[in-house]
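Raw contents of input34.cif, mmCIF, C-alpha atoms and all ligand atoms:
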data_final
#
loop_
_atom_site.label_atom_id
_atom_site.label_comp_id
_atom_site.auth_asym_id
_atom_site.auth_seq_id
_atom_site.Cartn_x
_atom_site.Cartn_y
_atom_site.Cartn_z
CA MET T 1271 0.00 0.00 0.00
CA ALA T 1272 1.20 3.52 -0.72
CA ARG T 1273 2.55 5.48 2.25
CA THR T 1274 1.05 8.60 3.72
CA ARG T 1275 3.41 11.51 4.23
CA GLU T 1276 3.70 10.70 7.91
CA GLN T 1277 4.53 7.06 7.19
CA TRP T 1278 6.94 8.07 4.42
CA GLU T 1279 8.91 10.34 6.71
CA ARG T 1280 9.16 7.81 9.52
CA ARG T 1281 12.65 6.42 9.93
CA PRO T 1282 13.10 2.95 8.42
CA PRO T 1283 13.19 0.05 10.92
CA LEU T 1284 16.90 -0.48 10.29
CA PRO T 1285 20.05 0.49 12.20
CA SER T 1286 20.97 4.13 11.55
CA THR T 1287 24.04 2.95 9.60
CA HIS T 1288 21.77 1.17 7.11
CA TYR T 1289 19.96 4.15 5.60
CA LEU T 1290 20.77 7.73 4.60
CA ASP T 1291 19.04 11.06 4.80
CA THR T 1292 18.68 12.00 1.13
CA ARG T 1293 19.76 15.55 1.89
CA LEU T 1294 23.29 14.14 1.72
CA TYR T 1295 22.73 14.30 -2.02
CA THR T 1296 20.95 17.66 -2.25
CA ASP T 1297 21.96 20.06 0.51
CA GLU T 1298 24.14 23.02 -0.56
CA ALA T 1299 25.75 23.54 2.84
CA LEU T 1300 26.66 19.87 3.23
CA PHE T 1301 28.09 19.99 -0.27
CA SER T 1302 30.49 22.84 0.43
CA GLU T 1303 31.40 21.27 3.75
CA GLU T 1304 32.28 18.03 1.94
CA ARG T 1305 34.65 19.88 -0.37
CA ASP T 1306 36.42 21.33 2.60
CA LYS T 1307 36.41 18.44 5.08
CA ILE T 1308 36.75 15.55 2.64
CA PHE T 1309 38.24 16.61 -0.69
CA GLY T 1310 40.54 19.17 0.89
CA HIS T 1311 42.38 16.43 2.79
CA VAL T 1312 42.33 13.17 0.82
CA TRP T 1313 44.71 11.86 -1.82
CA PHE T 1314 43.07 11.98 -5.22
CA ILE T 1315 44.04 10.73 -8.69
CA ALA T 1316 44.60 13.68 -11.04
CA CYS T 1317 45.62 11.72 -14.14
CA HIS T 1318 47.84 8.91 -15.36
CA GLU T 1319 51.55 9.31 -16.03
CA SER T 1320 51.03 8.29 -19.67
CA GLU T 1321 49.07 11.51 -20.15
CA LEU T 1322 52.32 13.38 -19.48
CA PRO T 1323 54.60 11.20 -21.61
CA GLY T 1324 57.45 13.62 -22.31
CA ARG T 1325 59.55 16.16 -20.45
CA PHE T 1326 57.81 19.54 -20.19
CA ASP T 1327 54.38 18.04 -20.90
CA TYR T 1328 51.68 19.60 -18.77
CA ARG T 1329 48.05 18.96 -18.01
CA THR T 1330 45.44 20.93 -16.07
CA PHE T 1331 43.20 19.35 -13.47
CA GLN T 1332 40.15 20.73 -11.71
CA HIS T 1333 40.61 19.47 -8.18
CA PRO T 1334 37.38 18.19 -6.56
CA ALA T 1335 37.94 20.55 -3.62
CA GLY T 1336 37.71 23.51 -6.01
CA PRO T 1337 41.08 24.86 -7.13
CA GLY T 1338 42.52 24.33 -10.57
CA LEU T 1339 45.92 22.63 -10.71
CA VAL T 1340 48.57 22.20 -13.36
CA LEU T 1341 50.69 19.04 -13.50
CA ILE T 1342 54.04 19.15 -15.27
CA ARG T 1343 56.61 16.49 -16.09
CA GLY T 1344 59.91 18.19 -15.42
CA LYS T 1345 63.24 18.10 -17.16
CA ASP T 1346 64.21 15.45 -14.59
CA GLU T 1347 61.14 13.31 -15.61
CA GLN T 1348 59.45 13.87 -12.27
CA VAL T 1349 55.77 14.87 -12.27
CA ARG T 1350 54.96 17.87 -10.08
CA ALA T 1351 51.73 19.69 -9.32
CA PHE T 1352 51.03 23.36 -8.68
CA PHE T 1353 48.05 25.59 -8.15
CA ASN T 1354 47.14 26.93 -11.60
CA ILE T 1355 47.31 30.55 -10.53
CA CYS T 1356 49.79 33.28 -11.28
CA PRO T 1357 51.34 34.91 -8.20
CA HIS T 1358 51.28 38.33 -9.85
CA ARG T 1359 47.59 39.18 -9.92
CA GLY T 1360 45.87 35.84 -9.65
CA ASN T 1361 45.19 34.99 -13.28
CA GLN T 1362 44.75 31.37 -14.29
CA LEU T 1363 48.20 30.51 -15.54
CA VAL T 1364 47.46 27.67 -17.96
CA TYR T 1365 44.28 27.74 -20.02
CA GLU T 1366 44.77 24.69 -22.26
CA PRO T 1367 43.76 21.23 -20.99
CA ALA T 1368 47.16 19.85 -22.00
CA GLY T 1369 50.30 20.78 -23.88
CA SER T 1370 54.06 20.94 -23.78
CA ALA T 1371 56.23 23.97 -23.04
CA ARG T 1372 59.62 24.65 -21.48
CA ALA T 1373 58.14 27.72 -19.84
CA LEU T 1374 54.59 28.49 -18.76
CA THR T 1375 53.75 32.07 -19.70
CA CYS T 1376 50.90 33.96 -18.12
CA ILE T 1377 48.82 35.64 -20.80
CA PHE T 1378 48.16 38.72 -18.68
CA HIS T 1379 51.55 40.36 -18.15
CA ALA T 1380 53.84 37.70 -19.60
CA TRP T 1381 55.50 36.44 -16.44
CA THR T 1382 57.10 33.02 -17.01
CA PHE T 1383 57.59 29.95 -14.83
CA ASP T 1384 59.68 26.81 -15.26
CA ASP T 1385 58.95 23.10 -14.77
CA ARG T 1386 59.64 23.42 -11.03
CA GLY T 1387 57.26 26.32 -10.57
CA GLN T 1388 60.04 28.89 -10.21
CA CYS T 1389 59.43 32.32 -11.70
CA THR T 1390 61.90 32.79 -14.57
CA GLY T 1391 60.79 36.04 -16.11
CA ILE T 1392 59.09 39.29 -15.10
CA ALA T 1393 58.27 41.63 -17.95
CA ARG T 1394 60.09 44.96 -17.33
CA GLY T 1395 60.87 43.64 -13.88
CA LYS T 1396 63.84 45.88 -13.08
CA GLU T 1397 61.98 48.98 -14.23
CA GLY T 1398 58.94 48.25 -12.13
CA TYR T 1399 60.32 46.59 -9.03
CA GLN T 1400 63.95 47.77 -9.00
CA ASP T 1401 65.50 45.45 -6.37
CA ARG T 1402 62.48 45.25 -4.10
CA ILE T 1403 61.16 41.93 -5.41
CA GLY T 1404 62.43 39.63 -8.15
CA GLN T 1405 62.15 36.21 -9.76
CA GLN T 1406 63.95 34.60 -6.83
CA ASP T 1407 61.12 35.67 -4.51
CA LEU T 1408 58.29 34.33 -6.65
CA GLY T 1409 56.96 30.94 -7.74
CA LEU T 1410 53.92 28.76 -8.09
CA ARG T 1411 52.37 27.20 -5.04
CA ALA T 1412 53.39 23.51 -4.93
CA VAL T 1413 50.88 20.73 -4.26
CA ARG T 1414 51.88 17.30 -2.91
CA CYS T 1415 52.11 14.97 -5.86
CA GLN T 1416 53.11 11.32 -6.17
CA VAL T 1417 53.09 8.73 -8.94
CA ASP T 1418 52.18 5.36 -7.47
CA VAL T 1419 50.81 1.87 -8.24
CA GLY T 1420 49.93 1.53 -11.90
CA GLY T 1421 51.39 4.92 -12.78
CA PHE T 1422 48.50 6.99 -11.47
CA VAL T 1423 49.33 10.56 -10.46
CA TRP T 1424 47.98 11.40 -7.01
CA VAL T 1425 47.69 14.82 -5.44
CA ASN T 1426 46.76 16.08 -1.98
CA LEU T 1427 46.02 19.71 -1.12
CA ASP T 1428 46.72 19.10 2.55
CA ASP T 1429 50.42 19.43 3.33
CA GLU T 1430 49.83 17.77 6.69
CA ALA T 1431 47.78 14.75 5.55
CA PRO T 1432 49.24 11.27 6.18
CA PRO T 1433 51.24 9.83 3.26
CA LEU T 1434 49.61 8.23 0.25
CA SER T 1435 50.74 4.75 1.31
CA SER T 1436 48.80 4.99 4.55
CA TYR T 1437 45.77 6.49 2.78
CA ILE T 1438 45.55 3.59 0.32
CA GLY T 1439 46.69 0.93 2.80
CA ASP T 1440 46.05 -2.54 1.37
CA ALA T 1441 43.14 -1.48 -0.83
CA LEU T 1442 45.08 -1.94 -4.08
CA ARG T 1443 46.84 -5.18 -3.05
CA THR T 1444 44.61 -7.36 -5.23
CA LEU T 1445 45.30 -5.17 -8.26
CA GLU T 1446 49.01 -4.66 -7.73
CA PRO T 1447 50.22 -7.92 -9.33
CA HIS T 1448 48.37 -6.87 -12.47
CA LEU T 1449 49.78 -3.35 -12.58
CA GLN T 1450 53.48 -4.07 -12.78
CA GLN T 1451 53.93 -3.24 -16.45
CA PRO T 1452 53.73 0.36 -17.71
CA LEU T 1453 50.18 1.29 -18.65
CA GLN T 1454 48.83 3.76 -21.16
CA VAL T 1455 45.56 5.68 -21.34
CA PHE T 1456 43.87 5.05 -24.69
CA HIS T 1457 40.39 6.30 -23.90
CA TYR T 1458 39.36 9.49 -22.13
CA GLN T 1459 35.81 10.65 -21.67
CA LYS T 1460 34.51 13.53 -19.57
CA LEU T 1461 30.84 13.72 -18.68
CA ALA T 1462 28.75 16.35 -16.92
CA VAL T 1463 25.93 14.49 -15.19
CA LYS T 1464 23.06 15.98 -13.22
CA THR T 1465 23.57 13.87 -10.16
CA ASN T 1466 25.44 13.98 -6.87
CA TYR T 1467 29.04 12.73 -7.01
CA LYS T 1468 28.35 10.16 -4.29
CA LEU T 1469 25.62 8.55 -6.34
CA TRP T 1470 28.15 7.67 -9.03
CA HIS T 1471 30.50 6.20 -6.47
CA ASP T 1472 27.57 4.40 -4.83
CA THR T 1473 26.75 2.74 -8.14
CA ASN T 1474 30.34 1.63 -8.51
CA SER T 1475 30.20 0.28 -4.95
CA GLU T 1476 27.16 -1.96 -5.15
CA LEU T 1477 26.50 -4.81 -7.54
CA TYR T 1478 22.90 -5.28 -6.56
CA HIS T 1479 22.17 -3.12 -9.61
CA ASP T 1480 23.21 -6.09 -11.78
CA TYR T 1481 19.54 -6.10 -12.73
CA LEU T 1482 20.07 -2.81 -14.57
CA HIS T 1483 22.64 -4.34 -16.90
CA HIS T 1484 21.72 -6.61 -19.75
CA PHE T 1485 25.40 -7.52 -20.02
CA ASN T 1486 25.70 -8.57 -16.37
CA ARG T 1487 22.57 -10.66 -16.63
CA VAL T 1488 23.79 -12.61 -19.64
CA THR T 1489 27.48 -12.87 -18.75
CA GLY T 1490 27.54 -13.14 -15.02
CA MET T 1491 24.44 -13.72 -12.99
CA LEU T 1492 23.70 -17.10 -14.48
CA GLN T 1493 27.14 -18.44 -13.67
CA PRO T 1494 27.74 -20.75 -10.69
CA GLY T 1495 29.50 -18.91 -7.89
CA TYR T 1496 28.49 -15.48 -9.11
CA PHE T 1497 26.72 -14.51 -5.89
CA GLU T 1498 29.41 -15.94 -3.62
CA ARG T 1499 32.05 -13.32 -4.40
CA LYS T 1500 32.76 -11.10 -1.46
CA TYR T 1501 33.49 -7.50 -0.69
CA THR T 1502 36.55 -6.63 1.35
CA THR T 1503 36.62 -3.31 3.15
CA PHE T 1504 39.75 -1.32 4.02
CA PRO T 1505 40.46 1.64 6.31
CA ASN T 1506 39.67 5.13 4.97
CA GLY T 1507 36.48 4.08 3.19
CA HIS T 1508 37.93 1.88 0.43
CA ALA T 1509 36.51 -1.49 -0.70
CA SER T 1510 37.19 -4.18 -3.28
CA VAL T 1511 35.37 -7.12 -4.85
CA GLY T 1512 36.95 -10.48 -5.61
CA SER T 1513 37.59 -11.87 -9.04
CA MET T 1514 35.20 -13.63 -11.34
CA GLN T 1515 35.27 -14.86 -14.91
CA VAL T 1516 33.44 -12.71 -17.42
CA ARG T 1517 31.61 -14.93 -19.90
CA TYR T 1518 32.25 -12.97 -23.06
CA ASP T 1519 31.16 -15.95 -25.11
CA SER T 1520 27.67 -15.45 -23.67
CA TYR T 1521 27.48 -11.91 -24.93
CA ALA T 1522 26.16 -11.39 -28.45
CA GLY T 1523 28.94 -9.82 -30.49
CA GLY T 1524 31.45 -10.54 -27.75
CA GLY T 1525 33.37 -13.15 -29.68
CA ASP T 1526 36.62 -14.72 -28.64
CA ARG T 1527 38.66 -12.78 -26.11
CA SER T 1528 42.23 -13.95 -26.14
CA ILE T 1529 44.39 -10.94 -25.40
CA GLY T 1530 43.91 -10.95 -21.62
CA TRP T 1531 45.89 -8.97 -19.04
CA PRO T 1532 49.13 -9.69 -17.14
CA GLU T 1533 48.68 -12.24 -14.34
CA LEU T 1534 44.90 -12.21 -14.78
CA SER T 1535 43.19 -15.47 -15.60
CA PRO T 1536 41.19 -15.36 -18.86
CA GLY T 1537 38.02 -13.34 -18.43
CA GLY T 1538 39.09 -12.23 -14.94
CA TRP T 1539 37.61 -9.20 -13.21
CA LEU T 1540 38.62 -7.12 -10.17
CA LEU T 1541 37.16 -3.91 -8.82
CA VAL T 1542 38.45 -1.46 -6.22
CA ASP T 1543 36.51 1.56 -4.97
CA LEU T 1544 38.61 4.28 -3.39
CA PHE T 1545 37.09 6.91 -1.12
CA PRO T 1546 35.75 9.45 -1.90
CA GLY T 1547 35.23 9.04 -5.65
CA MET T 1548 37.65 6.84 -7.61
CA THR T 1549 37.14 3.35 -9.01
CA LEU T 1550 39.63 1.01 -10.64
CA ASN T 1551 37.90 -1.69 -12.65
CA LEU T 1552 40.01 -4.36 -14.34
CA ARG T 1553 37.91 -6.41 -16.68
CA THR T 1554 39.56 -9.12 -18.77
CA SER T 1555 41.72 -6.94 -21.03
CA VAL T 1556 41.13 -3.32 -19.99
CA LEU T 1557 41.61 -1.24 -16.86
CA ARG T 1558 39.01 1.47 -16.36
CA MET T 1559 39.54 4.33 -13.93
CA ASP T 1560 36.69 6.62 -12.88
CA SER T 1561 37.08 9.82 -10.92
CA VAL T 1562 34.52 12.42 -9.96
CA THR T 1563 34.61 16.18 -9.60
CA PRO T 1564 31.66 17.56 -7.65
CA VAL T 1565 30.46 20.85 -9.17
CA ALA T 1566 27.19 21.31 -7.30
CA PRO T 1567 25.01 19.00 -5.20
CA ASN T 1568 23.25 17.91 -8.37
CA LEU T 1569 26.05 18.27 -10.92
CA THR T 1570 29.11 16.07 -11.25
CA ILE T 1571 31.95 15.83 -13.72
CA ILE T 1572 32.86 12.19 -14.26
CA GLU T 1573 36.17 11.41 -15.92
CA LEU T 1574 36.50 7.93 -17.40
CA ARG T 1575 39.78 6.50 -18.59
CA GLY T 1576 40.48 3.23 -20.37
CA LEU T 1577 44.00 1.85 -20.08
CA GLY T 1578 45.99 -0.83 -21.85
CA LEU T 1579 49.64 -1.81 -21.74
CA ALA T 1580 52.20 0.70 -23.01
CA SER T 1581 53.84 -2.24 -24.82
CA ASP T 1582 50.71 -3.08 -26.86
CA THR T 1583 51.18 -3.73 -30.56
CA PRO T 1584 48.65 -1.96 -32.80
CA ALA T 1585 46.71 -5.23 -33.12
CA GLU T 1586 46.66 -5.77 -29.35
CA ARG T 1587 45.59 -2.21 -28.74
CA ALA T 1588 42.79 -2.52 -31.29
CA GLU T 1589 41.50 -5.55 -29.41
CA ARG T 1590 41.56 -3.74 -26.07
CA VAL T 1591 39.78 -0.76 -27.63
CA ARG T 1592 37.13 -3.10 -28.99
CA ASP T 1593 36.71 -4.80 -25.59
CA HIS T 1594 36.53 -1.43 -23.88
CA ASN T 1595 34.03 0.10 -26.26
CA THR T 1596 31.80 -2.97 -26.28
CA ILE T 1597 31.15 -2.47 -22.58
CA TRP T 1598 32.26 0.99 -21.52
CA GLY T 1599 32.42 3.08 -24.69
CA PRO T 1600 29.87 5.85 -25.31
CA PHE T 1601 27.84 3.35 -27.33
CA GLY T 1602 28.74 0.37 -25.20
CA ARG T 1603 26.37 -1.82 -23.31
CA ASN T 1604 27.14 -0.95 -19.73
CA LEU T 1605 28.06 2.71 -19.19
CA HIS T 1606 24.90 4.42 -20.38
CA GLU T 1607 22.82 2.06 -18.23
CA ASP T 1608 24.68 3.25 -15.12
CA LEU T 1609 24.30 6.85 -16.27
CA LEU T 1610 20.56 6.37 -16.70
CA GLY T 1611 20.37 5.08 -13.14
CA VAL T 1612 22.31 7.91 -11.50
CA SER T 1613 20.73 10.67 -13.57
CA GLY T 1614 17.32 9.28 -12.62
CA GLN T 1615 18.35 9.49 -8.96
CA GLY T 1616 19.57 13.05 -9.54
CA ARG T 1617 16.26 14.05 -11.11
CA ALA T 1618 14.12 12.45 -8.43
CA MET T 1619 16.11 13.68 -5.44
CA GLN T 1620 16.91 17.22 -6.47
CA SER T 1621 14.49 19.06 -4.23
CA ALA T 1622 13.60 18.74 -0.58
CA ASP T 1623 9.95 18.35 -1.46
CA SER T 1624 10.48 15.81 -4.21
CA GLY T 1625 9.11 13.17 -1.90
CA SER T 1626 12.43 11.56 -1.23
CA ARG T 1627 13.36 11.19 2.43
CA TRP T 1628 15.55 8.14 2.98
CA VAL T 1629 17.82 5.99 0.88
CA LEU T 1630 18.22 2.40 2.04
CA HIS T 1631 21.62 0.72 2.32
CA GLY T 1632 20.35 -2.15 4.40
CA ARG T 1633 21.08 -5.37 2.49
CA GLU T 1634 23.12 -7.89 4.47
CA GLU T 1635 24.25 -11.01 2.66
CA ASP T 1636 27.48 -12.03 4.39
CA MET T 1637 29.39 -9.32 2.45
CA THR T 1638 28.72 -11.03 -0.86
CA ILE T 1639 28.16 -8.93 -3.95
CA HIS T 1640 24.52 -8.01 -3.36
CA ASP T 1641 25.28 -6.99 0.22
CA GLU T 1642 25.38 -3.19 0.60
CA CYS T 1643 28.32 -3.31 3.00
CA ALA T 1644 30.59 -1.24 0.72
CA LEU T 1645 28.02 1.59 0.75
CA ARG T 1646 27.80 1.46 4.52
CA HIS T 1647 31.58 1.42 4.73
CA PHE T 1648 31.80 4.53 2.51
CA TYR T 1649 29.27 6.46 4.61
CA ALA T 1650 30.96 5.44 7.86
CA GLU T 1651 34.06 7.20 6.52
CA TRP T 1652 31.94 10.12 5.28
CA SER T 1653 30.50 10.47 8.80
CA ARG T 1654 33.93 10.27 10.40
CA ARG T 1655 35.35 13.02 8.21
CA MET T 1656 32.27 15.23 8.31
CA GLY T 1657 31.58 14.78 12.02
CA ARG T 1658 27.96 14.08 11.12
CA SER T 1659 25.64 11.11 11.08
CA SER T 1660 24.71 10.14 7.52
CA SER T 1661 21.20 9.21 8.64
CA ASP T 1662 20.76 12.34 10.76
CA PRO T 1663 23.21 14.90 9.39
CA PHE T 1664 21.74 18.02 10.98
CA SER T 1665 21.52 16.88 14.56
CA GLN T 1666 24.27 18.21 16.81
CA PRO T 1667 27.21 17.98 14.46
CA SER T 1668 30.33 16.96 16.29
CA GLY T 1669 32.40 18.86 13.69
CA GLU T 1670 32.70 22.62 13.53
CA GLY T 1671 30.92 23.21 10.24
CA THR T 1672 27.47 24.65 10.10
CA ALA T 1673 24.95 23.30 7.66
CA SER T 1674 21.47 24.42 6.85
CA SER T 1675 18.64 23.36 9.10
CA ALA T 1676 15.99 20.92 7.98
CA PRO T 1677 13.69 22.23 5.25
CA PRO T 1678 10.29 23.41 6.46
CA GLY T 1679 7.89 20.62 7.13
CA ARG T 1680 10.57 17.97 7.21
CA PRO T 1681 11.82 16.21 10.32
CA ALA T 1682 15.30 17.12 11.45
S1 LIG Z 1 48.52 37.99 -13.60
FE1 LIG Z 1 50.02 36.70 -14.44
S2 LIG Z 1 51.55 38.01 -15.15
FE2 LIG Z 1 50.09 39.32 -14.27
FE FE Z 2 26.79 -0.65 -13.25
#
Re-express the file's structure as C-alpha cells.
Ligand code: FES
Ligand SMILES: [Fe+2]
Amino acid sequence: MARTREQWERRPPLPSTHYLDTRLYTDEALFSEERDKIFGHVWFIACHESELPGRFDYRTFQHPAGPGLVLIRGKDEQVRAFFNICPHRGNQLVYEPAGSARALTCIFHAWTFDDRGQCTGIARGKEGYQDRIGQQDLGLRAVRCQVDVGGFVWVNLDDEAPPLSSYIGDALRTLEPHLQQPLQVFHYQKLAVKTNYKLWHDTNSELYHDYLHHFNRVTGMLQPGYFERKYTTFPNGHASVGSMQVRYDSYAGGGDRSIGWPELSPGGWLLVDLFPGMTLNLRTSVLRMDSVTPVAPNLTIIELRGLGLASDTPAERAERVRDHNTIWGPFGRNLHEDLLGVSGQGRAMQSADSGSRWVLHGREEDMTIHDECALRHFYAEWSRRMGRSSSDPFSQPSGEGTASSAPPGRPA
C-alpha cells in the first residue's frame, strides 16, 4: 500500500548505519562542507603518467575541492603539481587542458615559470620593481604529488595529511600484481551528469544493480558462484570485490577474447573503490579508472579512462579498444545504463519536497556482492570526516561546520 506523508517520513526500521538522509545528495551547505572536510584532505588521482609522456608536458586538473591545478613532467622526468594561478595578480596561468612547453607564460603580463614552478621572467621587472622583489622571490604554489601503483598521479592539497601509502593501505593489493607493467591511457571521456558525485560512487560500490545491466545478466548472474564473491573493506572508506570470470562468449557480439591482461586469468575481473570518488575496474583486457569532480550538489563531472599496456602492438591495442568500447564506450552496453540510473536518482532527489526522504543501504548477505556493505563502509568514513551522522546529518554535528537546518515541514 502507498505510504502517507507521515509514514513516508518515519525512519526505516533499520540500524541508523543502514539508511541515509537524502539531503546528503541535495543540501548546498553539506556539499560545500564536503569539499572542505573531505576533498581538501584526501589523496586523489589527477591523471595517469602516460598523459604526461614527455619532459615539459603539462596537463590541467580541476581538483574536486575547487582549485585548478597544473601538472608538469619536469626536465628530470618527475611529475609535479602546482596551483594553476599566477602569483602576480591571480590569473589562471594555464588555459589549455594539456600541452608541452619549457616555460609556462601567463597571458596577462607575460611572467614566465619553469617546470619546477620557479618564476623565470618578469616583464620589465627591473623597471617596475627595481631590487624590491624579483624572480627569486616568486613561484607557483606547490601541491603534494606522487606517482604510485599503476602509474596513477595522485595529489593532496593538505600538506599535513598522512602519506599516500597509509591512505591507500592494502586497498590496491589485489590489483598490484596486475599493474606491474607500464600502462597507457587510450580512452578518455569527460561527462557532466546531473547527479550527486556520491551517487556515481555508490553505483560503482554496489553490484545489486546487476539487474540494470543486460550484459551482467547474460554474462555473469547465471554463472555458478556469481553470488558468492565477497566484498573486502579497508580503512579510509575503500573497498574491493573479488575476481570472477566474465563470460564474453555469452554476450552477443562478444566473440573470442584472447588478449587478456598480465597475471589475470582469462576473463578475470577485479574492482576497487577508493574513497571518496575513484574506481579502478580491471575487466579481462582493460583497466578502467573513474574519478569524480563535484560541481554542485546535483552536478558532477565524471572522468573515465580506459587503459591498456604501453607495450601493446597496434593489433593488441585494437582488441583492447574493442573490448573497452563494447562495454564501456559511449555506445557500449554498460556505461549508459549506469548513467541512466544515477541521472534518474539526480532528477528524483533534487528538491527537498520531491518526496524523497531516505535511501536504504540495508542489504546484508554475508558481504557477498549483493550486500550493501561497501556503501555502509563509505558512509561510515563520510561520517567520520564530516563529524555528522549520515542518517541524521543536521543533529548536533560533532564537527565545527554549520549546515542548513531541515527544510520546512521535514523532520530534522
Ligand atoms: S597575472 Fe600573471 S603576469 Fe600578471
Ligand atoms: Fe553498473
Test item: which residues lie within 9 Å of (44.3, -7.0, -6.8) counting only C-alpha atoms, as a ChimeraX atom specification: /T:1441-1449,1510,1512-1513,1540-1542
Do you have the atom CA of T:Arg1343-atom CA of T:Val1425 distance handy? 14.0 Å
Could the residues that lie within 7 Å of ligand FE 2 (chain Z), counting all atoms listed in the file, be listed as a ChimeraX atom specification? /T:1473-1474,1479-1480,1483,1604-1605,1607-1608
Prev. selection, C-alpha atoms, output as a PDB file, in the coordinates of the input:
ATOM      1  CA  THR T1473      26.750   2.740  -8.140  1.00  0.00           C
ATOM      2  CA  ASN T1474      30.340   1.630  -8.510  1.00  0.00           C
ATOM      3  CA  HIS T1479      22.170  -3.120  -9.610  1.00  0.00           C
ATOM      4  CA  ASP T1480      23.210  -6.090 -11.780  1.00  0.00           C
ATOM      5  CA  HIS T1483      22.640  -4.340 -16.900  1.00  0.00           C
ATOM      6  CA  ASN T1604      27.140  -0.950 -19.730  1.00  0.00           C
ATOM      7  CA  LEU T1605      28.060   2.710 -19.190  1.00  0.00           C
ATOM      8  CA  GLU T1607      22.820   2.060 -18.230  1.00  0.00           C
ATOM      9  CA  ASP T1608      24.680   3.250 -15.120  1.00  0.00           C
TER      10      ASP T1608
END
From the list T:Gly1404, T:Glu1397, T:Arg1558, T:Arg1411, which residue is nearest T:Leu1363 when using all atoms listed in the file?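 Answer, going by the shortest atom-to-atom distance: T:Arg1411.
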Given only C-alpha atoms as the basis, pick out the residue of T:Glu1366, T:Asp1428, T:Asp1384, T:Asp1418 nearest to T:Gly1310.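 Looking only at the distances to T:Gly1310, the closest residue turns out to be T:Asp1428.
In this comparison, which uses only C-alpha atoms, the residue of T:Val1562, T:Ile1342, T:Leu1374, T:Leu1630 approaching T:Pro1282 most closely is T:Leu1630.
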As JSON, numbers by chain, please: the residues near stretch 1584-1600 of chain T (cut-off 9 Å, all atoms listed in the file, same-chain neighbours under 6 positions excluded). {"T": [1456, 1457, 1459, 1485, 1523, 1524, 1527, 1529, 1530, 1553, 1554, 1555, 1556, 1557, 1558, 1576, 1577, 1578, 1606]}
Selection as a ChimeraX atom specification: residues within 6 Å of ligand LIG 1 (chain Z) by only C-alpha atoms and all ligand atoms: /T:1356,1358-1361,1376,1378-1381
Contacts of T:Glu1498 within 10 Å, all atoms listed in the file, excl. fewer than 4 positions in-chain, as a PyMOL selection string: chain T and resi 1494+1512+1514+1635-1640
Under the rule that all atoms listed in the file are counted, which of T:Asn1551, T:Gln1416, T:Asn1568, T:Ser1626 is the nearest residue to T:Phe1314?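 Residue with the minimum atom-to-atom distance to T:Phe1314: T:Gln1416.
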I'd like the interatomic distance between atom CA of T:Cys1389 and atom CA of T:Pro1357, to a tenth of an Å. 9.2 Å
Quick one: residues within 7 Å of T:Trp1424, all atoms listed in the file counted, chain neighbours fewer than 6 positions away excluded, as a list of chain:residue names?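 The neighbour list is T:Trp1313, T:Phe1314, T:Ile1315, T:Ala1316, T:Cys1415, T:Gln1416, T:Val1417.
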Selected residue, from T:Leu1290, T:Leu1609, T:Leu1434, T:Ile1377, that lies nearest to T:Trp1470 when counting all atoms listed in the file: T:Leu1609
Name the closest residue to T:Thr1287 among the candidates T:Phe1664, T:Tyr1467, T:Tyr1649, T:Tyr1365; distances are taken between atoms, counting all atoms listed in the file.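 Answer, going by the shortest atom-to-atom distance: T:Tyr1649.
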Could you please determine the separation between atom CA of T:Asp1385 and atom CA of T:His1333 in Å, to one decimal place? 19.8 Å
Protein, DNA and RNA residues within 12 Å of (35.5, -0.1, 2.7), only C-alpha atoms, as number ranges by chain: T: 1438-1442, 1472, 1475-1476, 1501-1511, 1542-1546, 1637, 1642-1652
List as a VMD selection string the protein and nucleic acid residues near T:Ser1613, meaning an atom at most 8 Å away when only C-alpha atoms are counted, but skip any in the same chain fewer than 2 places from it. chain T and resid 1463 to 1465 1609 to 1611 1615 to 1617
Could you save the residues just selected, with C-alpha atoms, as an mmCIF file, keeping the file's coordinate frame?
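Below is the file selection_24.cif, written as the result:
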data_model
loop_
_atom_site.group_PDB
_atom_site.id
_atom_site.type_symbol
_atom_site.label_atom_id
_atom_site.label_comp_id
_atom_site.auth_asym_id
_atom_site.auth_seq_id
_atom_site.Cartn_x
_atom_site.Cartn_y
_atom_site.Cartn_z
ATOM 1 C CA VAL T 1463 25.930 14.490 -15.190
ATOM 2 C CA LYS T 1464 23.060 15.980 -13.220
ATOM 3 C CA THR T 1465 23.570 13.870 -10.160
ATOM 4 C CA LEU T 1609 24.300 6.850 -16.270
ATOM 5 C CA LEU T 1610 20.560 6.370 -16.700
ATOM 6 C CA GLY T 1611 20.370 5.080 -13.140
ATOM 7 C CA GLN T 1615 18.350 9.490 -8.960
ATOM 8 C CA GLY T 1616 19.570 13.050 -9.540
ATOM 9 C CA ARG T 1617 16.260 14.050 -11.110
#
If we count only C-alpha atoms, what is near T:Ser1581 at a cut-off of 9 Å, once residues fewer than 3 positions away on the same chain are taken out, given as a count of residues only? 5
